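Engineer: This is input-v8.cif (mmCIF, C-alpha atoms and all ligand atoms).
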```
data_input
#
loop_
_atom_site.label_atom_id
_atom_site.label_comp_id
_atom_site.auth_asym_id
_atom_site.auth_seq_id
_atom_site.Cartn_x
_atom_site.Cartn_y
_atom_site.Cartn_z
CA MET A 19 88.19 88.87 82.32
CA LYS A 20 88.54 86.68 85.38
CA LEU A 21 92.09 85.54 86.06
CA THR A 22 90.92 82.01 86.73
CA ASP A 23 89.47 81.90 83.18
CA LYS A 24 92.79 83.16 81.80
CA LEU A 25 94.69 80.53 83.74
CA GLN A 26 92.32 77.81 82.62
CA GLN A 27 92.48 78.81 78.95
CA SER A 28 96.25 78.92 78.82
CA GLN A 29 98.18 75.81 77.74
CA SER A 30 101.45 77.17 79.10
CA THR A 31 102.82 79.10 82.08
CA LEU A 32 101.75 82.74 82.02
CA PHE A 33 103.80 85.81 82.94
CA SER A 34 102.54 88.46 85.39
CA ILE A 35 103.98 91.32 87.39
CA GLU A 36 103.36 93.27 90.57
CA ILE A 37 104.07 96.98 90.76
CA LEU A 38 104.00 99.57 93.53
CA PRO A 39 102.32 102.95 93.14
CA PRO A 40 104.98 105.67 92.88
CA LEU A 41 105.83 107.83 95.86
CA LYS A 42 103.39 110.70 96.26
CA GLY A 43 104.45 113.58 94.03
CA LYS A 44 105.83 111.40 91.23
CA SER A 45 103.93 111.22 87.97
CA ILE A 46 102.28 108.11 86.54
CA GLN A 47 104.96 108.17 83.83
CA SER A 48 107.24 106.32 86.27
CA ILE A 49 104.70 103.46 86.22
CA TYR A 50 104.55 103.43 82.43
CA ASP A 51 108.35 103.47 82.29
CA SER A 52 108.49 100.33 84.43
CA ILE A 53 105.72 98.50 82.53
CA ASP A 54 106.68 99.43 78.94
CA PRO A 55 109.80 97.20 78.76
CA LEU A 56 107.78 94.20 79.97
CA MET A 57 104.80 94.46 77.64
CA GLU A 58 106.54 92.36 74.97
CA PHE A 59 106.10 89.37 77.32
CA LYS A 60 102.32 89.96 77.35
CA PRO A 61 101.61 89.95 81.08
CA ALA A 62 98.39 88.09 81.87
CA PHE A 63 97.79 90.63 84.64
CA VAL A 64 99.44 93.43 86.57
CA ASP A 65 98.95 93.56 90.33
CA VAL A 66 99.06 96.96 91.99
CA THR A 67 99.88 96.98 95.70
CA TYR A 68 98.04 99.02 98.33
CA HIS A 69 99.93 101.02 100.93
CA ARG A 70 98.20 102.28 104.00
CA GLU A 71 98.91 105.36 106.03
CA GLU A 72 101.99 105.90 108.17
CA TYR A 73 102.42 108.23 111.11
CA ILE A 74 105.28 110.68 111.26
CA TYR A 75 106.14 113.42 113.71
CA LYS A 76 106.51 116.94 112.27
CA LYS A 77 108.35 119.66 114.14
CA ARG A 78 106.12 122.68 114.64
CA SER A 79 106.94 126.20 115.80
CA GLY A 80 107.53 126.32 119.52
CA GLY A 81 109.39 123.00 119.28
CA TYR A 82 106.44 120.69 119.79
CA LEU A 83 105.94 117.61 117.64
CA GLU A 84 102.73 116.97 115.76
CA LYS A 85 101.72 113.42 114.84
CA VAL A 86 100.69 113.45 111.18
CA SER A 87 99.14 110.68 109.12
CA ILE A 88 100.51 110.39 105.58
CA ARG A 89 100.07 107.98 102.71
CA LYS A 90 103.33 107.81 100.81
CA ARG A 91 102.07 105.66 97.93
CA PRO A 92 98.44 106.45 97.17
CA GLY A 93 96.90 105.80 93.74
CA THR A 94 96.29 102.03 93.57
CA VAL A 95 92.86 102.30 91.96
CA GLY A 96 93.81 105.15 89.63
CA ILE A 97 96.85 103.21 88.40
CA CYS A 98 94.72 100.12 87.76
CA ALA A 99 92.28 102.14 85.67
CA ALA A 100 95.09 103.94 83.82
CA ILE A 101 97.02 100.80 82.88
CA MET A 102 93.89 98.93 81.82
CA ASN A 103 93.11 101.84 79.56
CA LYS A 104 96.63 102.27 78.19
CA TYR A 105 97.73 98.65 77.77
CA ASP A 106 94.47 96.71 77.61
CA VAL A 107 95.83 94.43 80.35
CA GLU A 108 94.00 93.04 83.40
CA ALA A 109 94.92 95.13 86.44
CA VAL A 110 94.47 93.62 89.89
CA PRO A 111 94.27 96.02 92.81
CA HIS A 112 95.29 94.76 96.24
CA ILE A 113 92.52 95.35 98.76
CA ILE A 114 93.49 95.32 102.41
CA CYS A 115 91.53 95.19 105.68
CA GLY A 116 93.80 97.63 107.55
CA GLY A 117 92.51 101.20 107.71
CA PHE A 118 89.12 100.38 106.17
CA THR A 119 85.72 100.07 107.78
CA GLN A 120 83.45 97.52 106.12
CA GLU A 121 81.46 100.33 104.57
CA GLU A 122 84.57 101.96 103.11
CA THR A 123 85.53 98.56 101.70
CA GLU A 124 82.08 98.19 100.16
CA ASN A 125 82.29 101.63 98.56
CA ALA A 126 85.79 100.96 97.25
CA LEU A 127 84.60 97.71 95.69
CA ILE A 128 81.71 99.54 94.01
CA ASP A 129 84.25 101.94 92.46
CA LEU A 130 86.30 98.98 91.19
CA GLN A 131 83.26 97.30 89.72
CA PHE A 132 82.21 100.50 87.94
CA LEU A 133 85.73 100.79 86.50
CA GLY A 134 85.44 97.32 84.99
CA ILE A 135 87.96 95.71 87.33
CA ASP A 136 87.14 91.99 87.56
CA ASN A 137 89.91 90.75 89.83
CA VAL A 138 91.12 91.70 93.30
CA LEU A 139 93.73 90.33 95.68
CA ALA A 140 92.16 90.26 99.16
CA LEU A 141 94.65 90.76 101.99
CA ARG A 142 94.73 91.67 105.62
CA GLY A 143 97.65 94.06 105.24
CA ASP A 144 100.54 94.50 107.64
CA SER A 145 100.55 96.54 110.81
CA ILE A 146 101.41 100.19 110.41
CA LYS A 147 105.05 100.92 111.17
CA THR A 148 104.38 102.48 114.56
CA GLU A 149 102.25 99.56 115.79
CA PRO A 150 103.78 96.29 117.01
CA ALA A 151 100.89 94.17 115.70
CA PHE A 152 98.05 94.50 113.23
CA VAL A 153 95.10 96.45 114.65
CA PRO A 154 91.86 96.28 112.67
CA GLU A 155 89.98 99.48 112.01
CA PRO A 156 86.93 99.84 114.31
CA GLY A 157 84.12 98.40 112.17
CA GLY A 158 86.68 96.84 109.84
CA HIS A 159 87.98 93.33 109.27
CA ALA A 160 90.55 91.54 111.41
CA TYR A 161 91.49 88.89 108.83
CA ALA A 162 91.60 88.54 105.06
CA LEU A 163 89.01 85.78 105.50
CA ASP A 164 86.42 88.34 106.61
CA LEU A 165 87.21 90.51 103.60
CA VAL A 166 86.83 87.51 101.29
CA LYS A 167 83.45 86.82 102.90
CA GLN A 168 82.34 90.42 102.31
CA ILE A 169 83.35 90.32 98.64
CA HIS A 170 81.69 86.93 98.22
CA ALA A 171 78.48 88.33 99.75
CA MET A 172 78.57 91.27 97.30
CA ASN A 173 79.10 88.80 94.46
CA ASN A 174 75.79 87.31 95.58
CA GLY A 175 74.08 90.70 95.74
CA HIS A 176 74.30 91.04 99.53
CA TYR A 177 75.51 94.46 100.57
CA LEU A 178 75.92 95.66 104.17
CA ASP A 179 72.48 97.26 104.27
CA ASP A 180 70.06 94.34 104.69
CA ASP A 181 67.20 96.55 103.53
CA MET A 182 68.68 96.98 100.06
CA LYS A 183 66.48 95.19 97.55
CA ASP A 184 67.62 93.91 94.14
CA ALA A 185 71.20 95.11 94.63
CA ALA A 186 73.34 94.35 91.58
CA PRO A 187 75.71 91.48 92.36
CA THR A 188 79.36 92.25 91.79
CA ASN A 189 81.43 89.74 89.86
CA PHE A 190 84.89 89.75 91.37
CA CYS A 191 87.38 86.95 90.98
CA MET A 192 89.32 86.91 94.24
CA GLY A 193 92.88 85.92 94.94
CA VAL A 194 94.46 85.57 98.37
CA ALA A 195 98.00 85.33 99.75
CA GLY A 196 99.72 82.06 100.66
CA TYR A 197 103.04 81.50 102.41
CA PRO A 198 105.29 78.56 101.38
CA GLU A 199 107.49 79.39 104.38
CA LYS A 200 104.50 80.08 106.68
CA HIS A 201 103.06 83.45 107.63
CA PHE A 202 105.24 84.84 110.41
CA GLU A 203 102.38 85.17 112.90
CA ALA A 204 101.06 81.63 112.40
CA PRO A 205 102.09 79.25 115.21
CA ASN A 206 102.70 76.51 112.64
CA MET A 207 102.02 75.46 109.05
CA VAL A 208 98.97 73.38 110.02
CA SER A 209 97.27 76.43 111.47
CA ASP A 210 98.29 78.66 108.55
CA LEU A 211 96.91 76.15 106.02
CA LYS A 212 93.66 75.82 107.98
CA TYR A 213 93.02 79.55 107.55
CA LEU A 214 94.18 79.49 103.95
CA LYS A 215 91.63 76.76 103.26
CA GLU A 216 88.95 78.87 104.97
CA LYS A 217 89.76 81.75 102.60
CA VAL A 218 89.40 79.44 99.60
CA ASP A 219 86.22 77.85 100.94
CA ALA A 220 84.82 81.36 101.48
CA GLY A 221 85.24 82.24 97.81
CA ALA A 222 88.89 82.88 96.89
CA SER A 223 89.64 81.22 93.59
CA TYR A 224 93.41 81.49 93.36
CA ILE A 225 96.45 81.96 95.60
CA VAL A 226 99.56 84.08 95.01
CA THR A 227 102.52 83.09 97.13
CA GLN A 228 104.94 85.15 99.09
CA MET A 229 108.33 85.31 97.38
CA PHE A 230 110.66 82.35 97.89
CA PHE A 231 114.16 81.51 96.64
CA ASP A 232 113.98 77.76 97.11
CA ASN A 233 111.59 76.05 94.72
CA ASN A 234 111.33 73.04 97.02
CA LYS A 235 109.51 75.25 99.52
CA TYR A 236 106.92 76.04 96.84
CA PHE A 237 106.57 72.42 95.69
CA GLU A 238 106.15 71.22 99.29
CA PHE A 239 103.60 73.97 99.95
CA VAL A 240 101.54 73.03 96.89
CA GLU A 241 101.61 69.39 97.96
CA LEU A 242 100.47 70.30 101.48
CA CYS A 243 97.69 72.50 100.09
CA ARG A 244 96.43 69.67 97.88
CA LYS A 245 96.55 67.22 100.80
CA ASN A 246 94.48 69.70 102.81
CA GLY A 247 91.82 70.10 100.15
CA ILE A 248 93.03 73.43 98.74
CA ASN A 249 92.63 72.86 95.02
CA VAL A 250 92.76 76.32 93.43
CA PRO A 251 95.69 77.50 91.25
CA ILE A 252 98.74 78.50 93.32
CA ILE A 253 100.77 81.17 91.54
CA PRO A 254 104.42 81.35 92.62
CA GLY A 255 105.69 84.84 93.47
CA LEU A 256 109.30 85.55 92.47
CA LYS A 257 111.64 88.33 93.42
CA ILE A 258 114.96 89.04 91.75
CA LEU A 259 117.45 89.81 94.49
CA SER A 260 119.57 92.68 93.25
CA THR A 261 121.37 94.51 96.04
CA LYS A 262 123.65 93.56 98.92
CA LYS A 263 121.23 95.16 101.36
CA GLN A 264 118.45 92.78 100.27
CA ILE A 265 120.45 89.77 101.50
CA THR A 266 119.48 90.86 105.01
CA THR A 267 116.32 92.92 104.45
CA LEU A 268 114.30 90.38 102.43
CA PRO A 269 114.50 87.61 105.07
CA LYS A 270 113.74 90.16 107.79
CA VAL A 271 110.81 91.86 106.08
CA PHE A 272 109.24 88.87 104.32
CA HIS A 273 110.19 86.08 106.74
CA ILE A 274 111.81 83.92 104.09
CA ASP A 275 115.09 81.99 103.81
CA ILE A 276 117.89 82.45 101.35
CA PRO A 277 119.21 78.98 100.40
CA ASN A 278 122.81 78.46 101.36
CA ASP A 279 124.27 77.97 97.88
CA PHE A 280 122.55 81.18 96.73
CA TYR A 281 123.79 82.98 99.83
CA GLU A 282 127.34 81.81 99.23
CA ALA A 283 127.26 82.93 95.61
CA LEU A 284 125.94 86.33 96.71
CA THR A 285 128.58 86.83 99.37
CA THR A 286 131.41 86.37 96.87
CA CYS A 287 130.10 89.39 94.91
CA LYS A 288 132.14 92.58 95.07
CA ASP A 289 129.35 95.06 94.37
CA ASP A 290 125.64 95.43 93.61
CA ALA A 291 126.22 94.97 89.88
CA ALA A 292 127.66 91.51 90.58
CA ILE A 293 124.84 90.73 93.04
CA LYS A 294 122.28 91.66 90.42
CA LYS A 295 123.88 89.28 87.92
CA VAL A 296 123.80 86.41 90.42
CA GLY A 297 120.21 87.33 91.41
CA ILE A 298 119.07 87.27 87.77
CA GLU A 299 120.81 83.95 87.13
CA TRP A 300 119.23 82.42 90.24
CA CYS A 301 115.79 83.62 89.22
CA ILE A 302 116.24 82.26 85.67
CA GLN A 303 117.03 78.81 87.10
CA GLN A 304 114.08 79.04 89.52
CA SER A 305 111.75 80.14 86.73
CA LYS A 306 112.85 77.43 84.31
CA GLU A 307 112.29 74.74 86.92
CA LEU A 308 108.85 76.13 87.80
CA VAL A 309 107.84 76.31 84.13
CA LYS A 310 108.98 72.71 83.71
CA ALA A 311 106.73 71.81 86.62
CA ASN A 312 103.84 73.41 84.74
CA VAL A 313 102.99 76.14 87.24
CA PRO A 314 100.05 78.28 86.10
CA CYS A 315 101.91 81.60 86.02
CA LEU A 316 105.17 83.18 87.15
CA HIS A 317 104.39 86.32 89.13
CA PHE A 318 107.30 88.77 89.43
CA TYR A 319 107.56 91.23 92.28
CA THR A 320 109.19 93.85 90.09
CA MET A 321 109.24 96.70 92.62
CA GLY A 322 110.01 98.94 89.65
CA ALA A 323 113.07 96.89 88.58
CA SER A 324 111.90 96.14 85.08
CA GLU A 325 115.42 95.68 83.69
CA SER A 326 116.13 92.56 85.79
CA THR A 327 112.62 91.20 85.22
CA LYS A 328 113.13 91.62 81.49
CA ALA A 329 116.46 89.81 81.67
CA VAL A 330 114.75 86.84 83.33
CA ALA A 331 111.63 86.89 81.14
CA LYS A 332 113.78 86.90 77.98
CA GLU A 333 115.33 83.59 79.02
CA VAL A 334 112.10 81.96 80.14
CA PHE A 335 109.23 83.09 77.90
P1 LIG B 401 95.43 86.61 106.76
O1 LIG B 401 95.02 85.58 105.77
O2 LIG B 401 94.36 87.31 107.50
O3 LIG B 401 96.43 85.89 107.78
C1 LIG B 401 97.15 86.64 108.75
C2 LIG B 401 97.58 85.73 109.89
O4 LIG B 401 96.45 85.38 110.68
C3 LIG B 401 98.18 84.40 109.45
O5 LIG B 401 99.17 84.06 110.38
C4 LIG B 401 97.02 83.43 109.50
O6 LIG B 401 97.45 82.09 109.75
C5 LIG B 401 96.23 83.97 110.67
N1 LIG B 401 94.76 83.84 110.51
C6 LIG B 401 94.05 83.98 109.38
N2 LIG B 401 92.72 83.89 109.63
C7 LIG B 401 92.61 83.71 110.98
C8 LIG B 401 91.51 83.56 111.86
N3 LIG B 401 90.24 83.57 111.42
N4 LIG B 401 91.77 83.40 113.20
C9 LIG B 401 93.05 83.39 113.66
N5 LIG B 401 94.13 83.51 112.86
C10 LIG B 401 93.91 83.68 111.54
N6 LIG B 401 100.35 94.05 102.34
C11 LIG B 401 99.90 95.30 102.11
O7 LIG B 401 99.74 96.08 103.05
N7 LIG B 401 99.61 95.72 100.83
C12 LIG B 401 99.73 94.91 99.75
O8 LIG B 401 99.47 95.32 98.62
C13 LIG B 401 100.20 93.57 99.97
N8 LIG B 401 100.31 92.69 98.94
C14 LIG B 401 100.68 91.39 99.19
C15 LIG B 401 100.70 90.46 98.14
C16 LIG B 401 101.07 89.14 98.36
C17 LIG B 401 101.06 88.15 97.21
C18 LIG B 401 101.44 88.72 99.67
C19 LIG B 401 101.88 87.30 99.93
C20 LIG B 401 101.41 89.63 100.73
C21 LIG B 401 101.02 90.96 100.49
N9 LIG B 401 100.94 91.90 101.54
C22 LIG B 401 100.50 93.18 101.31
C23 LIG B 401 101.36 91.53 102.89
C24 LIG B 401 100.21 90.92 103.72
O9 LIG B 401 99.21 91.89 103.91
C25 LIG B 401 100.79 90.47 105.03
O10 LIG B 401 101.60 89.32 104.85
C26 LIG B 401 99.84 90.28 106.19
O11 LIG B 401 100.59 90.15 107.38
C27 LIG B 401 98.95 89.05 106.09
O12 LIG B 401 98.02 89.17 105.09
P2 LIG B 401 97.08 87.93 104.71
O13 LIG B 401 96.10 88.42 103.73
O14 LIG B 401 97.87 86.74 104.39
O15 LIG B 401 96.34 87.73 106.14
#
```
Give the structure from this file in structure tokens form.
Ligand code: FAD

Structural biologist:
Amino acid sequence: MKLTDKLQQSQSTLFSIEILPPLKGKSIQSIYDSIDPLMEFKPAFVDVTYHREEYIYKKRSGGYLEKVSIRKRPGTVGICAAIMNKYDVEAVPHIICGGFTQEETENALIDLQFLGIDNVLALRGDSIKTEPAFVPEPGGHAYALDLVKQIHAMNNGHYLDDDMKDAAPTNFCMGVAGYPEKHFEAPNMVSDLKYLKEKVDAGASYIVTQMFFDNNKYFEFVELCRKNGINVPIIPGLKILSTKKQITTLPKVFHIDIPNDFYEALTTCKDDAAIKKVGIEWCIQQSKELVKANVPCLHFYTMGASESTKAVAKEVF
């Protein structure tokens, strides 16, 4: 079922989660273990992130170093199929431009369609760790917009091979990313919103936001989107801050602010257990305010931390 239909049919704010594939070598049981405790809240959908390759240097005999490409978290599509089968829940794979030619993207989308996956989150992806900026694959897409256009074309029966006749149209409902605190590469919000609108005009039918800890940033973003003619549902993404390390890593990695009163409460904490408590309480307050504002869905970046997500969901849903 298309997520937009689910959102439209619901009278109240829905609950959804995002999970990461486990590290290579771990079994799928670790995924089930993180989803099981949250099923009582009936997630409207489960997003599964996509992680591209990384390059590492391996020491070989003779002392020379070999550059090796590895994917630490493969399995996005397999996990989607497995959780749809096990839980009868909509699974949404993240599809990225990085590392894919257009043909590989097309073939991946055919697999998804055959598996009965109706929804995808179309993203550019970040640069690989050893590259200072995002480099598109030769023959691949440079921006999420181009990926959205490709999926939209397939939804209209247009595949890459112009000679294909009567190709079956796919039927994907597409989401894209939005940034209440601006994407870090965008020179300003005006420019970022211009490209966000292009993604929506090209066929994206909902937006999931980057995490934020200050609801005003989300409310202002939604207002700006509406003023700029972006009228699709905007799903707020929430993260429960739960370790001391995250006070510095989350702003650095995701280019977001931690509001001062939250920061001050966190810095009085003696250990991670205390931080987790404050993080859960902050997220409960954020969630309650967002629900009151009638947001379509609360999307939790669980990153495997189902215990904290459950603690928040129990208070909100
Ligand atoms: P784009 O929409 O392409 O935007 C990238 C930048 O380019 C922006 O600054 C934008 O303003 C600018 N821009 C856009 N179009 C144009 C254009 N035509 N010309 C010039 N400039 C343009 N990453 C992963 O690798 N795997 C994941 O699973 C994943 N999941 C995510 C889920 C969510 C909800 C979010 C918010 C992010 C996720 N990311 C993921 C991270 C994401 O890939 C990065 O933030 C990436 O840097 C940008 O992706 P995007 O789709 O927003 O890119």

Engineer: Wanna dump the range 190-242 of chain A-range 21-24 of chain A contacts at 8 Å for me, each residue with its shortest atom pair and the distance in Å to one decimal, counting all atoms listed in the file, ordered by chain and number, as JSON lines?

Structural biologist:
```
{"residue": "A:Cys191", "atom": "CA", "partner": "A:Leu21", "partner_atom": "CA", "distance": 7.0}
{"residue": "A:Ser223", "atom": "CA", "partner": "A:Thr22", "partner_atom": "CA", "distance": 7.0}
{"residue": "A:Tyr224", "atom": "CA", "partner": "A:Thr22", "partner_atom": "CA", "distance": 7.1}
```

Engineer: Write a file of the selected residues as a short mmCIF file (atom, residue, chain, number, x, y, z; two decimals), in the frame of the given file, keeping C-alpha atoms.

Structural biologist:
```
data_model
loop_
_atom_site.label_atom_id
_atom_site.label_comp_id
_atom_site.auth_asym_id
_atom_site.auth_seq_id
_atom_site.Cartn_x
_atom_site.Cartn_y
_atom_site.Cartn_z
CA CYS A 191 87.38 86.95 90.98
CA SER A 223 89.64 81.22 93.59
CA TYR A 224 93.41 81.49 93.36
#
```

Engineer: Taking 4 positions as the minimum chain separation for residues in the same chain, which residues sit within 9 Å of Ser34 in chain A when counting only C-alpha atoms? Answer as a tab-separated table (two decimals) with C-alpha atoms, in the frame of the given file.

Structural biologist:
```
chain	number	residue	atom	x	y	z
A	59	PHE	CA	106.10	89.37	77.32
A	60	LYS	CA	102.32	89.96	77.35
A	61	PRO	CA	101.61	89.95	81.08
A	62	ALA	CA	98.39	88.09	81.87
A	63	PHE	CA	97.79	90.63	84.64
A	64	VAL	CA	99.44	93.43	86.57
A	65	ASP	CA	98.95	93.56	90.33
A	315	CYS	CA	101.91	81.60	86.02
A	316	LEU	CA	105.17	83.18	87.15
A	317	HIS	CA	104.39	86.32	89.13
A	318	PHE	CA	107.30	88.77	89.43
A	319	TYR	CA	107.56	91.23	92.28
```

Engineer: For range 187-199 of chain A, what centre and edge lengths in Å (one decimal) does the axis-aligned box get once 6 Å is added on each side of all its listed atoms, as lines of an AutoDock Vina configuration file?

Structural biologist:
```
center_x = 91.6
center_y = 85.4
center_z = 97.1
size_x = 43.8
size_y = 25.7
size_z = 26.5
```

Engineer: So, with all atoms listed in the file as the atoms that count, which of A:Arg142, A:Lys262, A:Arg244, A:Lys332 lies closest to ligand LIG 401 (chain B)?

Structural biologist: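 Closest to ligand LIG 401 (chain B), using all atoms listed in the file: A:Arg142.
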
Engineer: For a quick check of understanding, using all atoms listed in the file, which of A:Asp232, A:Asp184, A:Glu149, A:Asp210 has the smallest distance to ligand LIG 401 (chain B)?

Structural biologist: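 Once distances to ligand LIG 401 (chain B) are computed over all atoms listed in the file, the minimum belongs to A:Asp210.
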
Engineer: At what distance in Å, to one decimal, does CA of Lys217 in chain A lie from CA of Asp129 in chain A?

Structural biologist: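 Interatomic distance here is 23.3 Å.
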
Engineer: Dump the neighbourhood of ligand LIG 401 (chain B) as a list in words: all residues within 6 Å, distances computed on all atoms listed in the file.

Structural biologist: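 The neighbouring residues of ligand LIG 401 (chain B) are, in order, Thr67, Tyr68, His69, His112, Leu141, Arg142, Gly143, Asp144, Tyr161, Ala162, Leu163, Ala195, Gly196, His201, Glu203, Ala204, Ser209, Asp210, Tyr213, Val226, Thr227 and Gln228 of chain A.
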
Engineer: Go through range 123-159 of chain A residue by residue and, counting only C-alpha atoms, keep those with an atom at most 10 Å from range 113-116 of chain A; for each kept residue give the shortest atom pair and its distance in Å to one decimal, ordered by chain and increasing number, as a tab-separated table.

Structural biologist:
```
residue	atom	partner	partner_atom	distance
A:Thr123	CA	A:Cys115	CA	7.9
A:Ala126	CA	A:Ile113	CA	8.9
A:Leu127	CA	A:Ile113	CA	8.8
A:Val138	CA	A:Ile113	CA	6.7
A:Leu139	CA	A:Ile113	CA	6.0
A:Ala140	CA	A:Ile113	CA	5.1
A:Leu141	CA	A:Ile114	CA	4.7
A:Arg142	CA	A:Cys115	CA	4.8
A:Gly143	CA	A:Ile114	CA	5.2
A:Asp144	CA	A:Gly116	CA	7.4
A:Ser145	CA	A:Gly116	CA	7.6
A:Ile146	CA	A:Gly116	CA	8.5
A:Phe152	CA	A:Gly116	CA	7.8
A:Val153	CA	A:Gly116	CA	7.3
A:Pro154	CA	A:Gly116	CA	5.6
A:Glu155	CA	A:Gly116	CA	6.2
A:Pro156	CA	A:Gly116	CA	9.9
A:Gly158	CA	A:Cys115	CA	6.6
A:His159	CA	A:Cys115	CA	5.4
```

Engineer: Report the distance between CA of Glu84 in chain A and CA of Gly157 in chain A in Å, rounded to one decimal place.

Structural biologist: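 For CA of Glu84 in chain A relative to CA of Gly157 in chain A, the distance reads 26.5 Å.
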
Engineer: To one decimal place, how far is CA of Ile169 in chain A from CA of Pro39 in chain A in Å?

Structural biologist: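 One can read the CA of Ile169 in chain A to CA of Pro39 in chain A distance as 23.4 Å.
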
Engineer: Neighbouring residues of Ala291 in chain A were defined as those with any atom within 12 Å, considering all atoms listed in the file; residues of the same chain fewer than 5 positions away were excluded. Please report them as number ranges by chain.

Structural biologist: A: 259-262, 284, 296-298, 326

Engineer: Give me the residues near Lys85 in chain A as a PDB file with C-alpha atoms, keeping the file's coordinate frame, where near means some atom within 7 Å (using all atoms listed in the file) and where sequence neighbours in that chain fewer than 4 positions away do not count.

Structural biologist:
```
ATOM      1  CA  TYR A  73     102.420 108.230 111.110  1.00  0.00           C
ATOM      2  CA  ILE A  74     105.280 110.680 111.260  1.00  0.00           C
ATOM      3  CA  TYR A  75     106.140 113.420 113.710  1.00  0.00           C
ATOM      4  CA  LYS A  76     106.510 116.940 112.270  1.00  0.00           C
TER       5      LYS A  76
END
```

Engineer: Just want the 10 Å neighbourhood of Ile88 in chain A, counted on only C-alpha atoms, with same-chain residues fewer than 2 positions away dropped. Output as a list in words.

Structural biologist: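 Answer for this query is Lys42, Arg70, Glu71, Glu72, Tyr73, Ile74, Lys85, Val86, Lys90, Arg91 and Pro92 of chain A.
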
Engineer: Between A:Gly96, A:Pro111, A:Pro254, A:Pro277, which has the minimum distance to Ala311 in chain A (counting all atoms listed in the file)?

Structural biologist: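 Closest candidate: A:Pro254.
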
Engineer: Hey, what's within 12 Å of Gln47 in chain A if we count only C-alpha atoms and toss same-chain stuff fewer than 6 positions away? As a ChimeraX atom specification, please?

Structural biologist: /A:39-40,53-54,97,100-101,104

Engineer: Hey, which of A:Thr267, A:Asp51, A:Ile225, A:Gly175 ends up closest to Ile253 in chain A? Count only C-alpha atoms.

Structural biologist: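 Using only C-alpha atoms, the shortest distance to Ile253 in chain A belongs to A:Ile225.
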
Engineer: From the options A:Asp136, A:Glu121, A:Glu199, A:Glu216, which residue's atoms come nearest to Lys235 in chain A, counting only C-alpha atoms?

Structural biologist: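 Of A:Asp136, A:Glu121, A:Glu199, A:Glu216, the one nearest Lys235 in chain A is A:Glu199, counting only C-alpha atoms.
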
Engineer: Between A:Gly81, A:Pro251, A:Pro205, A:Pro187, which has the minimum distance to Ala222 in chain A (counting all atoms listed in the file)?

Structural biologist: A:Pro251
